[in-house]
>>> print(open('structure.cif').read())   # mmCIF, C-alpha atoms
data_run
#
loop_
_atom_site.group_PDB
_atom_site.id
_atom_site.type_symbol
_atom_site.label_atom_id
_atom_site.label_comp_id
_atom_site.auth_asym_id
_atom_site.auth_seq_id
_atom_site.Cartn_x
_atom_site.Cartn_y
_atom_site.Cartn_z
ATOM 1 C CA MET A 140 68.523 -175.377 -3.370
ATOM 2 C CA SER A 141 69.078 -174.969 0.340
ATOM 3 C CA ALA A 142 71.971 -176.647 2.130
ATOM 4 C CA ASP A 143 69.448 -178.886 3.899
ATOM 5 C CA LEU A 144 68.283 -180.275 0.570
ATOM 6 C CA ASP A 145 71.677 -180.823 -1.024
ATOM 7 C CA CYS A 146 71.563 -184.127 -2.909
ATOM 8 C CA ARG A 147 75.206 -184.787 -2.002
ATOM 9 C CA THR A 148 74.251 -184.984 1.673
ATOM 10 C CA CYS A 149 70.995 -186.879 1.222
ATOM 11 C CA GLY A 150 70.512 -189.788 -1.192
ATOM 12 C CA ALA A 151 67.085 -190.718 0.201
ATOM 13 C CA CYS A 152 65.547 -190.837 -3.282
ATOM 14 C CA CYS A 153 68.099 -193.540 -4.167
ATOM 15 C CA VAL A 154 66.604 -195.987 -1.669
ATOM 16 C CA ASN A 155 63.354 -197.886 -2.123
ATOM 17 C CA LEU A 156 60.774 -196.565 0.323
ATOM 18 C CA PRO A 157 60.357 -198.680 3.460
ATOM 19 C CA SER A 158 56.611 -198.851 2.750
ATOM 20 C CA ASN A 159 57.331 -200.375 -0.691
ATOM 21 C CA ARG A 160 59.692 -202.957 0.775
ATOM 22 C CA ALA A 161 57.150 -203.838 3.482
ATOM 23 C CA GLN A 162 54.603 -204.533 0.746
ATOM 24 C CA GLY A 163 57.074 -206.664 -1.210
ATOM 25 C CA PHE A 164 57.821 -204.170 -3.986
ATOM 26 C CA GLY A 165 61.455 -204.971 -4.655
ATOM 27 C CA TYR A 166 61.796 -203.041 -7.897
ATOM 28 C CA TRP A 167 62.336 -199.325 -7.582
ATOM 29 C CA VAL A 168 63.560 -197.275 -10.559
ATOM 30 C CA GLU A 169 62.230 -198.403 -13.930
ATOM 31 C CA ILE A 170 64.625 -197.902 -16.837
ATOM 32 C CA SER A 171 63.301 -196.719 -20.205
ATOM 33 C CA GLY A 172 64.520 -198.404 -23.376
ATOM 34 C CA ASP A 173 66.311 -195.232 -24.498
ATOM 35 C CA ASP A 174 68.150 -194.567 -21.219
ATOM 36 C CA LYS A 175 71.951 -194.431 -21.605
ATOM 37 C CA ILE A 176 72.592 -197.087 -18.993
ATOM 38 C CA LEU A 177 71.148 -199.809 -21.249
ATOM 39 C CA GLY A 178 73.810 -199.008 -23.846
ATOM 40 C CA ARG A 179 76.592 -199.805 -21.403
ATOM 41 C CA ARG A 180 77.122 -203.557 -20.987
ATOM 42 C CA ASP A 181 79.350 -203.041 -17.966
ATOM 43 C CA LEU A 182 76.670 -201.023 -16.180
ATOM 44 C CA VAL A 183 73.843 -203.353 -17.221
ATOM 45 C CA LYS A 184 75.696 -206.333 -15.785
ATOM 46 C CA LYS A 185 76.286 -204.634 -12.445
ATOM 47 C CA HIS A 186 73.301 -202.286 -12.030
ATOM 48 C CA VAL A 187 70.286 -203.605 -13.969
ATOM 49 C CA VAL A 188 67.777 -206.280 -13.029
ATOM 50 C CA TYR A 189 64.703 -207.343 -14.978
ATOM 51 C CA ASP A 190 61.326 -207.848 -13.318
ATOM 52 C CA PRO A 191 59.173 -210.907 -14.163
ATOM 53 C CA SER A 192 57.661 -208.976 -17.097
ATOM 54 C CA GLY A 193 61.108 -208.240 -18.550
ATOM 55 C CA VAL A 194 61.111 -204.552 -17.590
ATOM 56 C CA PRO A 195 64.570 -203.289 -16.574
ATOM 57 C CA HIS A 196 65.068 -201.627 -13.188
ATOM 58 C CA LEU A 197 68.038 -200.420 -11.218
ATOM 59 C CA LYS A 198 69.380 -203.206 -9.027
ATOM 60 C CA LEU A 199 68.991 -202.718 -5.296
ATOM 61 C CA ALA A 200 71.033 -203.942 -2.351
ATOM 62 C CA HIS A 201 69.301 -206.029 0.335
ATOM 63 C CA ASP A 202 68.496 -202.818 2.268
ATOM 64 C CA GLY A 203 66.747 -201.253 -0.738
ATOM 65 C CA GLN A 204 69.575 -198.884 -1.632
ATOM 66 C CA CYS A 205 70.471 -198.471 -5.307
ATOM 67 C CA LEU A 206 73.757 -200.204 -6.062
ATOM 68 C CA GLY A 207 74.935 -197.033 -7.796
ATOM 69 C CA LEU A 208 74.734 -195.005 -4.581
ATOM 70 C CA ARG A 209 78.022 -194.510 -2.762
ATOM 71 C CA GLY A 210 78.265 -193.268 0.815
ATOM 72 C CA GLU A 211 75.849 -192.998 3.701
ATOM 73 C CA VAL A 212 72.284 -191.719 3.188
ATOM 74 C CA GLY A 213 71.755 -188.484 5.068
ATOM 75 C CA ARG A 214 75.464 -187.799 5.395
ATOM 76 C CA GLU A 215 77.534 -187.803 2.208
ATOM 77 C CA VAL A 216 76.648 -189.583 -1.023
ATOM 78 C CA THR A 217 77.563 -189.720 -4.685
ATOM 79 C CA CYS A 218 76.136 -191.577 -7.646
ATOM 80 C CA GLY A 219 78.429 -194.108 -9.275
ATOM 81 C CA ILE A 220 76.321 -194.082 -12.464
ATOM 82 C CA TYR A 221 75.500 -190.365 -12.511
ATOM 83 C CA HIS A 222 76.240 -189.745 -16.199
ATOM 84 C CA SER A 223 74.291 -192.836 -17.272
ATOM 85 C CA ARG A 224 71.515 -192.711 -14.670
ATOM 86 C CA PRO A 225 67.996 -193.447 -15.934
ATOM 87 C CA THR A 226 65.274 -190.898 -16.610
ATOM 88 C CA PRO A 227 63.448 -191.203 -13.255
ATOM 89 C CA CYS A 228 66.680 -190.337 -11.444
ATOM 90 C CA ARG A 229 67.166 -187.315 -13.687
ATOM 91 C CA ARG A 230 63.676 -186.030 -12.904
ATOM 92 C CA VAL A 231 64.073 -185.773 -9.120
ATOM 93 C CA GLU A 232 64.744 -182.226 -7.976
ATOM 94 C CA PRO A 233 65.732 -181.083 -4.484
ATOM 95 C CA GLY A 234 62.548 -180.114 -2.639
ATOM 96 C CA ASP A 235 60.082 -181.693 -5.092
ATOM 97 C CA ASP A 236 57.357 -184.094 -3.895
ATOM 98 C CA HIS A 237 59.451 -187.217 -4.492
ATOM 99 C CA CYS A 238 62.421 -185.698 -2.674
ATOM 100 C CA LEU A 239 60.402 -184.662 0.369
ATOM 101 C CA ARG A 240 58.504 -187.969 0.540
ATOM 102 C CA SER A 241 61.770 -189.924 0.340
ATOM 103 C CA ARG A 242 63.457 -187.778 2.984
ATOM 104 C CA ALA A 243 60.520 -188.175 5.366
ATOM 105 C CA ALA A 244 60.344 -191.945 4.807
ATOM 106 C CA HIS A 245 64.013 -192.294 5.688
ATOM 107 C CA GLY A 246 63.815 -190.077 8.759
ATOM 108 C CA LEU A 247 65.571 -187.056 7.287
ATOM 109 C CA ALA A 248 64.353 -183.558 8.035
ATOM 110 C CA VAL A 249 62.139 -181.962 5.437
#
>>> encode(input="structure.cif", output="structure tokens")
Amino acid sequence: MSADLDCRTCGACCVNLPSNRAQGFGYWVEISGDDKILGRRDLVKKHVVYDPSGVPHLKLAHDGQCLGLRGEVGREVTCGIYHSRPTPCRRVEPGDDHCLRSRAAHGLAV
């Protein structure tokens, strides 16, 4: 991983894409039934929201940022639920398609 693609200085993948928000897609990261976060009542209460179909997703702030993200996107970030983060979060790798698409959408260099 290059210094430019260090997750600790990015966080773009932890924010719903502006194009999704513009189209009214307010749910971002879907949580699988076997993800650790669902076994933690404290985290469910604070970080999980259910869509109209009953599917759990990570809760987002009004600006589309995951509530688990701490810090400023593109500067310095950490994940407040890192050890219990859901499967989609675990799949993102620095420099993969999702990473690069998220960085570009949030105005970060790719």
>>> atom_distance(input="structure.cif", atom1="atom CA of A:Gly172", atom2="atom CA of A:Lys185")
17.2 Å
>>> residues_around(input="structure.cif", residues="A:Val212", least_positions_apart="2", cutoff="6 Å", atoms="only C-alpha atoms", output="list in words")
Cys149, Gly150 and Arg214 of chain A
>>> closest_residue(input="structure.cif", among="A:Pro157, A:Gly210, A:Gly163, A:Pro225", to="A:Val187", atoms="all atoms listed in the file")
A:Pro225
>>> atom_distance(input="structure.cif", atom1="atom CA of A:Cys153", atom2="atom CA of A:Arg224")
11.1 Å
>>> resolve_selection(input="structure.cif", expression="the PyMOL selection byres ((chain A and resi 175-179) around 7)", output="number ranges by chain")
A: 173-174, 180-183, 223-225
>>> resolve_selection(input="structure.cif", expression="the PyMOL selection byres ((chain A and resi 165) around 12)", output="VMD selection string")
chain A and resid 154 to 164 166 to 169 188 to 191 196 to 205
>>> closest_residue(input="structure.cif", among="A:Val194, A:Ala151, A:Cys146, A:Ile170", to="A:Ala244", atoms="all atoms listed in the file")
A:Ala151
>>> closest_residue(input="structure.cif", among="A:Val231, A:Arg242, A:Ser171, A:Lys184", to="A:Gly213", atoms="all atoms listed in the file")
A:Arg242
>>> closest_residue(input="structure.cif", among="A:Tyr221, A:Gly193, A:Thr148, A:Val249", to="A:Gly234", atoms="all atoms listed in the file")
A:Val249
>>> atom_distance(input="structure.cif", atom1="atom CA of A:Glu211", atom2="atom CA of A:Arg147")
10.0 Å
>>> closest_residue(input="structure.cif", among="A:Cys238, A:Thr226, A:Cys152, A:Leu247", to="A:Leu208", atoms="all atoms listed in the file")
A:Cys152
>>> axis_aligned_box(input="structure.cif", around="stretch 227-239 of chain A", padding_each_side="3 Å", output="AutoDock Vina command-line options")
--center_x 62.3 --center_y -185.7 --center_z -6.7 --size_x 15.8 --size_y 17.1 --size_z 20.1
>>> closest_residue(input="structure.cif", among="A:Cys228, A:Asp145, A:Pro195, A:Arg240", to="A:Val216", atoms="all atoms listed in the file")
A:Asp145
